[in-house]
Structure formats: structure tokens, C-alpha cells
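Below is one structure, written out as C-alpha cells; comments come after it.
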Protein chains: 2
Amino acid sequence: MTSIKDIARLAGVSPSTVSRVLNEREYVRAEVRQRVLDIVKEKGYVQNHVARSMVLRRSFTIGVVIPYLFNMFQRQLFASMEFFLEQHGYKTQFFFLRWSDSSEQAFLRRLKGETLDGIIFIHELDNPEIYQYIQERSLPVALCTFEKREFGFPAVHIDEEASAELAVDYLIQRGHHSIGCITGEHFSFGRQREDGYKRALAAHGISYSPELTVRVPSYNPEAGRTGMLSLIRQKQPLSAVFAATDELAIGAIKALCESGLKVPEDVSVIGLDDIDISAFTTPGLTTVRQPIFEMGKKSADLVCEWIARDHIQEKVESFTTTIVERESVRTLH
Amino acid sequence: MTSIKDIARLAGVSPSTVSRVLNEREYVRAEVRQRVLDIVKEKGYVQNHVARSMVLRRSFTIGVVIPYLFNMFQRQLFASMEFFLEQHGYKTQFFFLRWSDSSEQAFLRRLKGETLDGIIFIHELDNPEIYQYIQERSLPVALCTFEKREFGFPAVHIDEEASAELAVDYLIQRGHHSIGCITGEHFSFGRQREDGYKRALAAHGISYSPELTVRVPSYNPEAGRTGMLSLIRQKQPLSAVFAATDELAIGAIKALCESGLKVPEDVSVIGLDDIDISAFTTPGLTTVRQPIFEMGKKSADLVCEWIARDHIQEKVESFTTTIVERESVRTLH
DNA sequence: TCCCTAGATGAAAACCTTTTCAGAAGCTAT
DNA sequence: ATAGCTTCTGAAAAGGTTTTCATCTAGGGA
């Protein structure tokens, strides 16, 4: 591997000068600059990133923390982040976390050893130690899809409760009164979306019956399927279902179909997220759209701004959500 | 940040000794070891990875090259790789490549600057320079889902042609004779799967009509949808469609549905890949299963073996594929 | 002529580790 | 007592950069 010293020797200058050329510092004669540049090109030399990181004590790398089995929503989010972080001149280092304490511990250890310039969380952690460590080290950070009031970190998210209410309200407007809810037991957004469901019912004077809400252990289609199956099995009549995520909704539709019930003729289904695939289910999924791309961009912008300015005014960015009408909801009467 | 020197000072020993303790070298008194360990724990010290990489000239990091807009198949593949690479004690560094020459150039530059211990490609590159560079540097590498005979790199893949033939044969066995094909224009596997389609027809003496094959610019549902739409528009009758990937198949089903045609009653659809979501479409997608998880594992194993043994016997691992029967194919007669 | 300044360059230190080499201390065998 | 092992430890070099500080040159003003 050719190093800066080799280039220096070949150009008949010192390593310092080569470094100055490479980093576009002033104080180097045009003629010398050109000679160095020529040799760099000829030798195909590029700076060694590891050595550079060490001396500069920054790595031009932003960490992104995401669940190991990230869902399609998170996948779109992180593609967006990676895109904009690259635009800002940063590399992205992903940390795939299992949902366990040991995984979070391992992550904390790695975080201490790694030289990250900033970090974005797409995944709410249980272990407060990690947030504390980040705060002490005043490592630039942004939270995406959730917030942590007690730490005052910048965050981008939607109003989970209002978005769920929007979905359920949409069903009620179309004449539905007996509405089921499938949500997850983990993470704050699951509870918040359930709260939104209740609020919508209350706002229209519909009584809440607990049997119509089911909490499943995860947010994927398989969980949605089993959730819907148990909703079908219970006694109460049901004309529509609110699924806390699109993936749950996709599983719910599958379960209905398997049970010989038609969507939306027999049961209407509405989701929340608007992931790419929701436009391609049959029937197309009516859902509430999160501006995924913009949220990813904003998260990237926030960390980069923090790094550039060396501080950030406490800032929580709340994005608005909108109904996307497709074919999975039927209008009654 | 506390460094090895701080620990050494506090323990009243030299940095060398601390290093020996940390790396579990022999020749350090049990009593000294314990004292150092205690202080390490107390201070929460962890080795600085950047400095360590520099002196060891290895980073314990494997690069994974994947398209920027990776599909669900690739997503499952890389989750599997990340999992097994971690088991082998390696971190994973992703490189998301756009489908452009400049993106490949930028990647090559980065590759030269980065200190990677190995690299896995889930994405076939056009630029041979990159493969050449890897070969010259004798960087441990594995190809996944394709191969490059001329470089003799280890590779894991399926027999694309045979798998497509399997799918189309399945349709023919069920009485279908007028079978459409939706495939992509890019990447070798698209052409190979098309060849498999043709081979199946030929094997059963069914004449090949070019109007029944459409090539779309990408492999996602939207492309599948437009492909199917143009297949519907043409004159030839059609009782079944082979889509070169599951995502294409999902889009095809959508298009049929939009056009008032029922799957499988009016038209049967078969895919290839067996991605997670294919179990949750309505109707469930009949498809050909690639053992995605195992392929990811094998790729990880191959690079790690190369690194460990410092060489590898030329090795191409071909996985077998199997039909997964769901509801999207109807038996005629 | 002399001094001062600005521009250009290089030597050396620093970043944080690991590893080599040499030396010290405590044994055992002669 | 000496030589020769083992076991343990520290000093110093190395890895590839950037940056500080010092030096040198040339040009301008007094």
C-alpha cells in the first residue's frame, strides 16, 4: 500500500506538504501542488481512513441504530437517511440490535470503542445507560419515530395518537361502529396508537369494548394474521379493523381471506405507515401516510447540523400525516 | 476519553502490560492482571477501535455491497449475513451502490481508503476494475447470487436457469400452455431466468412466442405491474404468467386485479425467490424457494474461512431450489 | 543596506494501540 | 558460584496521518 510518505518521496517534498495538498490547505506553490496531484493520481493513492480518523479524532461516520429484523417502514427510513448522510459527506454505520438486554449492553461497549461523529436511533432502547452515556459524551444524536423527553434529544416523529385517531375517524365517518384494533405490546408507539383508537371512539360516543382490542408480540404480517384470527374468533360483531401498522394490516387481510371473509365487503381494514408494498396488496390498503422520506432526511439534517454548529437548540420535529385512500375500506349505508 | 496509558498509570504498570491483559496474552502475573482488570472495569475503559485497527492493519470489518434500493430478497439475505458475520466476530460495513458508473467509481475509491478484512457482493458490478483491484490486493471476497468465472472468486448462488424452468414446468404440469414471462433487462439472473422459461417450453414442445415475454427496467412490484399490463394488452391468449422475481409477481397480481381478472381463476401467477411477504399476499403466491438464510450464512462462512486460512480453494456453492405451493396457480382441465 | 512580513516548506510531535527486544528476577542444574 | 532457563515487565518503535512550530526565501519599505 502506498502511503503519504511514498508520495512525498516521489514528489521530492515532505509528507506535510502532501497532506496540505490533499486537504486543500493554502500555502503550497501551484507548481508543487500540481506535481503532487499528478503523482497521487498516477499511483492511485487515497488517504488511509483509519489513520486519518485516529489523528483527527473523528471518523466522518454516523451510526444508525435499528432493530435487527427491521420492518419495511424502517427499511425505507434508513435508505432515506443513508442517502442524505452521504450527501452531507458522512458514511453510515449500522447497528442492528436484537431485542434483548445483552444486545443493548454489547452495543454500549461497541459505542465506547468506536469513534462515531454522531448517531441516529430508529429504535427505542430500554436501557437508559446508553442515553446517559451519549449525553455525558455530548455525542450529536437524533431520535427518529420516538422521543425521550427527559434527555432533551432532538427528535423527529409524527403525532402517533392523532394519526391513529385520523384512521379510526375515517372508518367512523364511513359508517363503521364496531371497530377492532390490532396493536403491538412493545414500544411506545404501539400504546399511543391504541390511545388514538380509543380517543376516536370516545369523540364519536362509541363505547369501547376491550374484546375488540388485541395486542400482539410484534408488528409484522404474521402477528397481524394471528391478531385478526383471534378477533374473528371472539363474539362481538365487527365491520372494520384498525391495524397499528401496515404490516399488521397485511397480515389481517390475509387472515380474513383465509376465513372466507372478503375485504372490504365483509370487513374493512385500515393501516398506518403507508409502506411501499401497501399500494400493491389486493385490495390496495387504505392507510395513513407518514412522510418517511422526509423524516429520514430531517433526522440526518439534525445530526449534521449539531455536528457543524457544535450544539443544537432543543428541537422536536413533528410531521403531519394524511389519509391515503385505496380499496380496503367500504362505506356503509 | 481514558486511554490505555491512563489505566497503566493507575495500575502502576506500563501500557504494554495493560495491552497484554486486554488481549489475554500470557506472561502477566495473576495479581497484576486482576488489578488492571479492576481498574478497567471501574473506569469503563474499552479499547479504541480505530487505533487498534491502525496498528493491527485489520479492522474486524467485512464490507457488504448491496444496491441502494435493495429489494426484499436482498434484505433477507443481508440480515442473514450480518447475523453470521457477527457470530464470527466481525462487524459489517454496508456499501449501498446506485446503479451508475460514478457510484462504482466512488465505491472503488472508498474501498482503497478503508481497511476492510473482507468483502461480500450481493450486487453484480459492471466495472471490472473493482474485481481486479480486489484480486491484486488478494482481499478475501465472496459473491452472492451471481458468479464471475474469469476471476475465480468463491460464490454462492442457485442455478437460475433450472429454477425458472422448475417454475414454468410446474405451470405446464398443471395444464397451462400459453404462459407469459415477465423479467428484467438488467443483471445476468434476469436473462438466465428467461432462458429457463424458454427451456421449459421447449422441453414440452410448446412454441415460444416473443410477444409473451416482457422485459422491464427493474425488479420491483411497480415494474411487475406495468409488465403485466402490457402482457394483458397484447393479443395472444394467456392462462399463466411466470414472473422472474416475487416482487414482479406481486405487481403482476395487482395489475390483473385492476384489470378485473382473477388470480388464479382467470390467470395463474408464479414467482421466484420466496420472500417473506409472499406468504401474505392474497392469494398466497406460489413460487420457487431460494434458501435465503442458508445462502447468507454460506457467504459469511466463505469469507471468514478465507481470512482464517489465508487462502481458499476455488469454490462455487450452488443451492437447490424447491417449489412452494400456495394459491396463485390453478390446475386446468 | 537593513529590517520586517508573508509565503512556502520541513521536522517532529501527537493520536492510541501492539509488538519486539532487552533486561530483571527467581529458579534449577552444574 | 556460575550458567542457563522461565516468567514477568518496560522502553521504544511502528502504523499513516495532521498540525504545530521553526526555518528559509523573497520582496517591499525605511
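Going through the C-alpha cells in order, the chains are called A, B, and so on, while each chain numbers its residues from 1 and the ligands are numbered from 1 in the order shown.
Using only C-alpha atoms (C1' of nucleotides), the contacts of region 13-29 of chain D at a cut-off of 7 Å, with sequence neighbours closer than 4 positions omitted, comprise A:Ser3, A:Asn48, A:Ala51, A:Arg52, A:Val55, B:Met54, B:Val55.
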Residue contacts of region 16-30 of chain C (12 Å, only C-alpha atoms (C1' of nucleotides)) excluding same-chain residues fewer than 2 positions away, as a VMD selection string: (chain A and resid 50 to 51 53 to 55 57 113) or (chain B and resid 1 to 6 15 to 20 22 to 23 25 46 to 57) or (chain C and resid 14) or (chain D and resid 1 to 15)
Would you export the selected residues with C-alpha atoms (C1' of nucleotides) as an mmCIF file, in the first residue's frame, please?
data_model
loop_
_atom_site.group_PDB
_atom_site.id
_atom_site.type_symbol
_atom_site.label_atom_id
_atom_site.label_comp_id
_atom_site.auth_asym_id
_atom_site.auth_seq_id
_atom_site.Cartn_x
_atom_site.Cartn_y
_atom_site.Cartn_z
ATOM 1 C CA VAL A 50 -8.194 4.679 9.753
ATOM 2 C CA ALA A 51 -5.047 6.724 10.292
ATOM 3 C CA SER A 53 -9.703 9.104 11.873
ATOM 4 C CA MET A 54 -7.212 8.499 14.583
ATOM 5 C CA VAL A 55 -5.392 11.759 14.353
ATOM 6 C CA ARG A 57 -10.478 12.048 16.297
ATOM 7 C CA GLY A 113 -14.783 1.792 21.371
ATOM 8 C CA MET B 1 -11.595 9.643 26.982
ATOM 9 C CA THR B 2 -9.478 7.342 29.073
ATOM 10 C CA SER B 3 -6.694 5.570 27.235
ATOM 11 C CA ILE B 4 -4.505 2.609 27.884
ATOM 12 C CA LYS B 5 -1.924 4.952 29.355
ATOM 13 C CA ASP B 6 -4.337 6.181 31.992
ATOM 14 C CA PRO B 15 0.948 0.293 28.759
ATOM 15 C CA SER B 16 2.474 -2.902 27.385
ATOM 16 C CA THR B 17 1.265 -4.834 30.376
ATOM 17 C CA VAL B 18 -2.230 -3.416 30.119
ATOM 18 C CA SER B 19 -2.282 -4.373 26.465
ATOM 19 C CA ARG B 20 -1.216 -7.879 27.372
ATOM 20 C CA LEU B 22 -6.605 -6.827 27.471
ATOM 21 C CA ASN B 23 -5.562 -9.181 24.709
ATOM 22 C CA ARG B 25 -1.606 -12.728 26.340
ATOM 23 C CA VAL B 46 -12.732 -0.076 26.194
ATOM 24 C CA GLN B 47 -10.062 -0.323 23.529
ATOM 25 C CA ASN B 48 -10.079 2.345 20.876
ATOM 26 C CA HIS B 49 -11.002 0.520 17.747
ATOM 27 C CA VAL B 50 -9.507 2.996 15.350
ATOM 28 C CA ALA B 51 -6.067 2.923 16.928
ATOM 29 C CA ARG B 52 -6.247 -0.819 17.181
ATOM 30 C CA SER B 53 -7.164 -1.186 13.521
ATOM 31 C CA MET B 54 -4.283 1.003 12.541
ATOM 32 C CA VAL B 55 -1.568 -0.934 14.268
ATOM 33 C CA LEU B 56 -3.026 -4.369 13.522
ATOM 34 C CA ARG B 57 -3.797 -3.409 9.962
ATOM 35 C "C1'" DA C 14 0.752 13.709 18.505
ATOM 36 C "C1'" DA D 1 29.347 -19.537 42.365
ATOM 37 C "C1'" DT D 2 28.057 -19.735 37.613
ATOM 38 C "C1'" DA D 3 25.366 -20.638 33.769
ATOM 39 C "C1'" DG D 4 21.050 -21.249 31.751
ATOM 40 C "C1'" DC D 5 16.134 -21.359 31.922
ATOM 41 C "C1'" DT D 6 11.417 -19.277 32.789
ATOM 42 C "C1'" DT D 7 8.498 -15.871 33.846
ATOM 43 C "C1'" DC D 8 7.452 -11.297 34.010
ATOM 44 C "C1'" DT D 9 7.920 -6.360 32.817
ATOM 45 C "C1'" DG D 10 9.007 -1.908 30.496
ATOM 46 C "C1'" DA D 11 11.118 1.097 26.824
ATOM 47 C "C1'" DA D 12 10.695 2.121 22.368
ATOM 48 C "C1'" DA D 13 9.339 1.630 17.691
ATOM 49 C "C1'" DA D 14 5.800 1.290 14.422
ATOM 50 C "C1'" DG D 15 1.477 2.162 11.972
#
DSSP-assigned strand (DSSP E or B) among region 44-83 of chain A, expressed as number ranges by chain: A: 61-67
9 Å contacts from chain C to chain A using only C-alpha atoms (C1' of nucleotides), as a ChimeraX atom specification: /C:7-10,14-16
Would you save the residues of that selection, restricted to C-alpha atoms (C1' of nucleotides), as a PDB file, in the first residue's frame?
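Contents of selection_28.pdb, freshly written:
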ATOM      1  C1'  DG C   7       4.533  32.769   1.697  1.00  0.00           C
ATOM      2  C1'  DA C   8       6.346  28.249   1.397  1.00  0.00           C
ATOM      3  C1'  DT C   9       8.316  24.205   3.369  1.00  0.00           C
ATOM      4  C1'  DG C  10      10.005  20.537   6.582  1.00  0.00           C
ATOM      5  C1'  DA C  14       0.752  13.709  18.505  1.00  0.00           C
ATOM      6  C1'  DC C  15      -3.234  10.408  18.035  1.00  0.00           C
ATOM      7  C1'  DC C  16      -3.704   5.162  20.706  1.00  0.00           C
TER       8       DC C  16
END
Within 8 Å of Ala244 (chain A) using only C-alpha atoms (C1' of nucleotides), minus same-chain residues under 5 positions, as a PyMOL selection string: chain A and resi 164+181-184+190+193-194+249+271-272
Test item, alpha helix (DSSP H) assignment across region 107-323 of chain A, answer as a ChimeraX atom specification: /A:107-113,128-136,160-173,188-203,221-233,246-258,292-309
Expected answer as a PyMOL selection string: chain A residues within 9 Å of chain B, only C-alpha atoms: chain A and resi 44-51+53-54+59+68-69+72+75-76+79+82-83+92-96+109-110+112-115+221-222+225+250-251+253-255+257+277+279-284
Quick one: residues within 10 Å of Asp101 (chain B), only C-alpha atoms (C1' of nucleotides), excluding same-chain residues fewer than 6 positions away - as a PDB file with N, CA, C and O atoms, in the first residue's frame?
ATOM      1  N   PHE B 107     -17.177   4.032  -5.012  1.00  0.00           N
ATOM      2  CA  PHE B 107     -17.004   2.859  -4.165  1.00  0.00           C
ATOM      3  C   PHE B 107     -15.557   2.374  -4.201  1.00  0.00           C
ATOM      4  O   PHE B 107     -14.966   2.071  -3.163  1.00  0.00           O
ATOM      5  N   LEU B 125     -21.455  -5.966 -10.186  1.00  0.00           N
ATOM      6  CA  LEU B 125     -20.960  -4.684 -10.677  1.00  0.00           C
ATOM      7  C   LEU B 125     -20.578  -4.778 -12.144  1.00  0.00           C
ATOM      8  O   LEU B 125     -20.161  -5.821 -12.633  1.00  0.00           O
ATOM      9  N   ASP B 126     -20.690  -3.659 -12.824  1.00  0.00           N
ATOM     10  CA  ASP B 126     -20.297  -3.630 -14.224  1.00  0.00           C
ATOM     11  C   ASP B 126     -18.799  -3.443 -14.374  1.00  0.00           C
ATOM     12  O   ASP B 126     -18.160  -4.022 -15.236  1.00  0.00           O
ATOM     13  N   ASN B 127     -18.265  -2.596 -13.523  1.00  0.00           N
ATOM     14  CA  ASN B 127     -16.887  -2.159 -13.640  1.00  0.00           C
ATOM     15  C   ASN B 127     -15.887  -3.249 -13.233  1.00  0.00           C
ATOM     16  O   ASN B 127     -15.753  -3.549 -12.054  1.00  0.00           O
TER      17      ASN B 127
END
Counting only C-alpha atoms (C1' of nucleotides), what is within 9 Å of Ile312 (chain A), bar same-chain residues fewer than 3 positions away, as a PDB file with all heavy atoms, in the first residue's frame?
ATOM      1  N   PRO A 140     -23.434  14.068  19.271  1.00  0.00           N
ATOM      2  CA  PRO A 140     -24.592  14.511  18.487  1.00  0.00           C
ATOM      3  C   PRO A 140     -25.529  13.348  18.181  1.00  0.00           C
ATOM      4  O   PRO A 140     -25.078  12.295  17.730  1.00  0.00           O
ATOM      5  CB  PRO A 140     -23.959  15.055  17.205  1.00  0.00           C
ATOM      6  CG  PRO A 140     -22.604  15.508  17.627  1.00  0.00           C
ATOM      7  CD  PRO A 140     -22.173  14.507  18.660  1.00  0.00           C
ATOM      8  N   PRO A 154     -32.880  16.002  20.255  1.00  0.00           N
ATOM      9  CA  PRO A 154     -33.714  16.343  19.103  1.00  0.00           C
ATOM     10  C   PRO A 154     -34.375  15.071  18.560  1.00  0.00           C
ATOM     11  O   PRO A 154     -33.777  14.006  18.583  1.00  0.00           O
ATOM     12  CB  PRO A 154     -32.733  16.924  18.092  1.00  0.00           C
ATOM     13  CG  PRO A 154     -31.395  16.474  18.523  1.00  0.00           C
ATOM     14  CD  PRO A 154     -31.461  16.297  20.002  1.00  0.00           C
ATOM     15  N   LEU A 302     -30.592  16.958  11.187  1.00  0.00           N
ATOM     16  CA  LEU A 302     -30.444  17.348  12.590  1.00  0.00           C
ATOM     17  C   LEU A 302     -29.069  16.986  13.156  1.00  0.00           C
ATOM     18  O   LEU A 302     -28.400  17.828  13.746  1.00  0.00           O
ATOM     19  CB  LEU A 302     -31.544  16.709  13.443  1.00  0.00           C
ATOM     20  CG  LEU A 302     -32.923  17.367  13.376  1.00  0.00           C
ATOM     21  CD1 LEU A 302     -33.947  16.564  14.167  1.00  0.00           C
ATOM     22  CD2 LEU A 302     -32.877  18.799  13.888  1.00  0.00           C
ATOM     23  N   VAL A 303     -28.658  15.747  12.977  1.00  0.00           N
ATOM     24  CA  VAL A 303     -27.329  15.367  13.493  1.00  0.00           C
ATOM     25  C   VAL A 303     -26.245  16.177  12.821  1.00  0.00           C
ATOM     26  O   VAL A 303     -25.312  16.643  13.486  1.00  0.00           O
ATOM     27  CB  VAL A 303     -26.965  13.894  13.252  1.00  0.00           C
ATOM     28  CG1 VAL A 303     -26.308  13.297  14.472  1.00  0.00           C
ATOM     29  CG2 VAL A 303     -28.115  13.092  12.778  1.00  0.00           C
ATOM     30  N   GLU A 305     -26.361  19.074  11.478  1.00  0.00           N
ATOM     31  CA  GLU A 305     -26.394  20.453  11.953  1.00  0.00           C
ATOM     32  C   GLU A 305     -25.730  20.556  13.322  1.00  0.00           C
ATOM     33  O   GLU A 305     -24.937  21.455  13.580  1.00  0.00           O
ATOM     34  CB  GLU A 305     -27.841  20.933  12.047  1.00  0.00           C
ATOM     35  CG  GLU A 305     -27.977  22.418  12.357  1.00  0.00           C
ATOM     36  CD  GLU A 305     -29.405  22.776  12.766  1.00  0.00           C
ATOM     37  OE1 GLU A 305     -30.346  22.142  12.248  1.00  0.00           O
ATOM     38  OE2 GLU A 305     -29.549  23.677  13.614  1.00  0.00           O
ATOM     39  N   TRP A 306     -26.035  19.620  14.175  1.00  0.00           N
ATOM     40  CA  TRP A 306     -25.436  19.578  15.509  1.00  0.00           C
ATOM     41  C   TRP A 306     -23.911  19.505  15.390  1.00  0.00           C
ATOM     42  O   TRP A 306     -23.172  20.224  16.066  1.00  0.00           O
ATOM     43  CB  TRP A 306     -25.998  18.386  16.275  1.00  0.00           C
ATOM     44  CG  TRP A 306     -25.560  18.276  17.703  1.00  0.00           C
ATOM     45  CD1 TRP A 306     -24.443  18.820  18.286  1.00  0.00           C
ATOM     46  CD2 TRP A 306     -26.230  17.568  18.756  1.00  0.00           C
ATOM     47  NE1 TRP A 306     -24.394  18.491  19.611  1.00  0.00           N
ATOM     48  CE2 TRP A 306     -25.468  17.724  19.921  1.00  0.00           C
ATOM     49  CE3 TRP A 306     -27.390  16.802  18.810  1.00  0.00           C
ATOM     50  CZ2 TRP A 306     -25.843  17.140  21.143  1.00  0.00           C
ATOM     51  CZ3 TRP A 306     -27.753  16.223  20.016  1.00  0.00           C
ATOM     52  CH2 TRP A 306     -26.993  16.391  21.169  1.00  0.00           C
ATOM     53  N   ILE A 307     -23.444  18.606  14.535  1.00  0.00           N
ATOM     54  CA  ILE A 307     -22.000  18.448  14.358  1.00  0.00           C
ATOM     55  C   ILE A 307     -21.385  19.754  13.842  1.00  0.00           C
ATOM     56  O   ILE A 307     -20.367  20.222  14.354  1.00  0.00           O
ATOM     57  CB  ILE A 307     -21.680  17.301  13.382  1.00  0.00           C
ATOM     58  CG1 ILE A 307     -22.154  15.971  13.966  1.00  0.00           C
ATOM     59  CG2 ILE A 307     -20.195  17.253  13.083  1.00  0.00           C
ATOM     60  CD1 ILE A 307     -22.074  14.801  13.006  1.00  0.00           C
ATOM     61  N   ARG A 309     -22.521  22.922  13.877  1.00  0.00           N
ATOM     62  CA  ARG A 309     -22.630  24.068  14.782  1.00  0.00           C
ATOM     63  C   ARG A 309     -22.072  23.765  16.167  1.00  0.00           C
ATOM     64  O   ARG A 309     -21.993  24.652  17.012  1.00  0.00           O
ATOM     65  CB  ARG A 309     -24.087  24.449  14.970  1.00  0.00           C
ATOM     66  CG  ARG A 309     -24.764  24.978  13.760  1.00  0.00           C
ATOM     67  CD  ARG A 309     -25.663  26.130  14.174  1.00  0.00           C
ATOM     68  NE  ARG A 309     -26.889  26.183  13.386  1.00  0.00           N
ATOM     69  CZ  ARG A 309     -26.918  26.301  12.065  1.00  0.00           C
ATOM     70  NH1 ARG A 309     -25.768  26.386  11.387  1.00  0.00           N
ATOM     71  NH2 ARG A 309     -28.066  26.332  11.423  1.00  0.00           N
ATOM     72  N   LYS A 315     -35.047  20.580  19.913  1.00  0.00           N
ATOM     73  CA  LYS A 315     -35.892  20.668  18.749  1.00  0.00           C
ATOM     74  C   LYS A 315     -36.603  19.342  18.535  1.00  0.00           C
ATOM     75  O   LYS A 315     -35.974  18.306  18.417  1.00  0.00           O
ATOM     76  CB  LYS A 315     -34.981  20.951  17.541  1.00  0.00           C
ATOM     77  CG  LYS A 315     -35.681  21.550  16.362  1.00  0.00           C
ATOM     78  CD  LYS A 315     -34.632  21.868  15.325  1.00  0.00           C
ATOM     79  CE  LYS A 315     -35.015  22.954  14.366  1.00  0.00           C
ATOM     80  NZ  LYS A 315     -33.878  23.395  13.561  1.00  0.00           N
TER      81      LYS A 315
END
For Gln74 (chain A): contacts at 10 Å, only C-alpha atoms (C1' of nucleotides), fewer than 3 positions along chain excluded, given as a ChimeraX atom specification: /A:66-67,69-71,77-80,122-123,144-145,275,292,296
Write a file of the just-selected residues containing N, CA, C and O atoms, as a PDB file, in the first residue's frame.
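For reference, result-v4.pdb as written:
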ATOM      1  N   ILE A  66     -30.878   0.382  14.652  1.00  0.00           N
ATOM      2  CA  ILE A  66     -32.094  -0.124  14.025  1.00  0.00           C
ATOM      3  C   ILE A  66     -32.303  -1.559  14.506  1.00  0.00           C
ATOM      4  O   ILE A  66     -31.340  -2.245  14.818  1.00  0.00           O
ATOM      5  N   PRO A  67     -33.559  -2.012  14.628  1.00  0.00           N
ATOM      6  CA  PRO A  67     -33.755  -3.386  15.075  1.00  0.00           C
ATOM      7  C   PRO A  67     -33.171  -4.362  14.072  1.00  0.00           C
ATOM      8  O   PRO A  67     -33.182  -4.095  12.868  1.00  0.00           O
ATOM      9  N   LEU A  69     -34.305  -7.237  12.980  1.00  0.00           N
ATOM     10  CA  LEU A  69     -35.299  -7.587  11.962  1.00  0.00           C
ATOM     11  C   LEU A  69     -36.145  -6.363  11.648  1.00  0.00           C
ATOM     12  O   LEU A  69     -37.332  -6.315  11.968  1.00  0.00           O
ATOM     13  N   PHE A  70     -35.510  -5.372  11.072  1.00  0.00           N
ATOM     14  CA  PHE A  70     -36.232  -4.132  10.799  1.00  0.00           C
ATOM     15  C   PHE A  70     -37.362  -4.375   9.808  1.00  0.00           C
ATOM     16  O   PHE A  70     -37.246  -5.193   8.896  1.00  0.00           O
ATOM     17  N   ASN A  71     -38.431  -3.656   9.984  1.00  0.00           N
ATOM     18  CA  ASN A  71     -39.570  -3.846   9.100  1.00  0.00           C
ATOM     19  C   ASN A  71     -39.467  -2.947   7.874  1.00  0.00           C
ATOM     20  O   ASN A  71     -38.515  -2.191   7.729  1.00  0.00           O
ATOM     21  N   LEU A  77     -37.013   4.163   5.839  1.00  0.00           N
ATOM     22  CA  LEU A  77     -36.462   5.248   6.646  1.00  0.00           C
ATOM     23  C   LEU A  77     -34.949   5.269   6.534  1.00  0.00           C
ATOM     24  O   LEU A  77     -34.319   6.297   6.325  1.00  0.00           O
ATOM     25  N   PHE A  78     -34.365   4.128   6.676  1.00  0.00           N
ATOM     26  CA  PHE A  78     -32.910   4.110   6.727  1.00  0.00           C
ATOM     27  C   PHE A  78     -32.288   4.296   5.357  1.00  0.00           C
ATOM     28  O   PHE A  78     -31.202   4.870   5.241  1.00  0.00           O
ATOM     29  N   ALA A  79     -32.993   3.886   4.320  1.00  0.00           N
ATOM     30  CA  ALA A  79     -32.493   4.175   2.971  1.00  0.00           C
ATOM     31  C   ALA A  79     -32.435   5.688   2.786  1.00  0.00           C
ATOM     32  O   ALA A  79     -31.465   6.227   2.246  1.00  0.00           O
ATOM     33  N   SER A  80     -33.462   6.357   3.264  1.00  0.00           N
ATOM     34  CA  SER A  80     -33.501   7.801   3.162  1.00  0.00           C
ATOM     35  C   SER A  80     -32.360   8.445   3.957  1.00  0.00           C
ATOM     36  O   SER A  80     -31.672   9.350   3.483  1.00  0.00           O
ATOM     37  N   ILE A 122     -33.388   4.655  15.329  1.00  0.00           N
ATOM     38  CA  ILE A 122     -34.685   4.353  14.725  1.00  0.00           C
ATOM     39  C   ILE A 122     -35.340   3.310  15.618  1.00  0.00           C
ATOM     40  O   ILE A 122     -36.295   2.661  15.246  1.00  0.00           O
ATOM     41  N   HIS A 123     -34.803   3.141  16.785  1.00  0.00           N
ATOM     42  CA  HIS A 123     -35.180   2.010  17.615  1.00  0.00           C
ATOM     43  C   HIS A 123     -35.101   2.476  19.047  1.00  0.00           C
ATOM     44  O   HIS A 123     -34.061   2.963  19.494  1.00  0.00           O
ATOM     45  N   CYS A 144     -35.518   9.093  15.917  1.00  0.00           N
ATOM     46  CA  CYS A 144     -36.463   9.075  14.812  1.00  0.00           C
ATOM     47  C   CYS A 144     -37.579   8.089  15.120  1.00  0.00           C
ATOM     48  O   CYS A 144     -37.312   6.931  15.403  1.00  0.00           O
ATOM     49  N   THR A 145     -38.792   8.552  15.062  1.00  0.00           N
ATOM     50  CA  THR A 145     -40.036   7.812  15.346  1.00  0.00           C
ATOM     51  C   THR A 145     -40.378   7.718  16.826  1.00  0.00           C
ATOM     52  O   THR A 145     -41.345   7.045  17.186  1.00  0.00           O
ATOM     53  N   ILE A 275     -46.327   2.036   3.799  1.00  0.00           N
ATOM     54  CA  ILE A 275     -45.090   1.493   3.237  1.00  0.00           C
ATOM     55  C   ILE A 275     -45.303   1.198   1.757  1.00  0.00           C
ATOM     56  O   ILE A 275     -46.427   1.116   1.283  1.00  0.00           O
ATOM     57  N   ILE A 292     -42.166   9.273   5.173  1.00  0.00           N
ATOM     58  CA  ILE A 292     -40.984   8.511   5.574  1.00  0.00           C
ATOM     59  C   ILE A 292     -39.695   9.150   5.076  1.00  0.00           C
ATOM     60  O   ILE A 292     -38.743   9.377   5.818  1.00  0.00           O
ATOM     61  N   GLY A 296     -36.611  10.756   7.320  1.00  0.00           N
ATOM     62  CA  GLY A 296     -35.230  10.307   7.257  1.00  0.00           C
ATOM     63  C   GLY A 296     -34.296  11.477   6.980  1.00  0.00           C
ATOM     64  O   GLY A 296     -33.257  11.631   7.616  1.00  0.00           O
TER      65      GLY A 296
END
Atomic distance CA of Glu211 (chain B) - CA of Ile172 (chain B), expressed in Å with one decimal: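 Distance between the two atoms: 18.5 Å.
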Between CA of Glu325 (chain A) and CA of His177 (chain A), distance in Å (one decimal): 19.3 Å
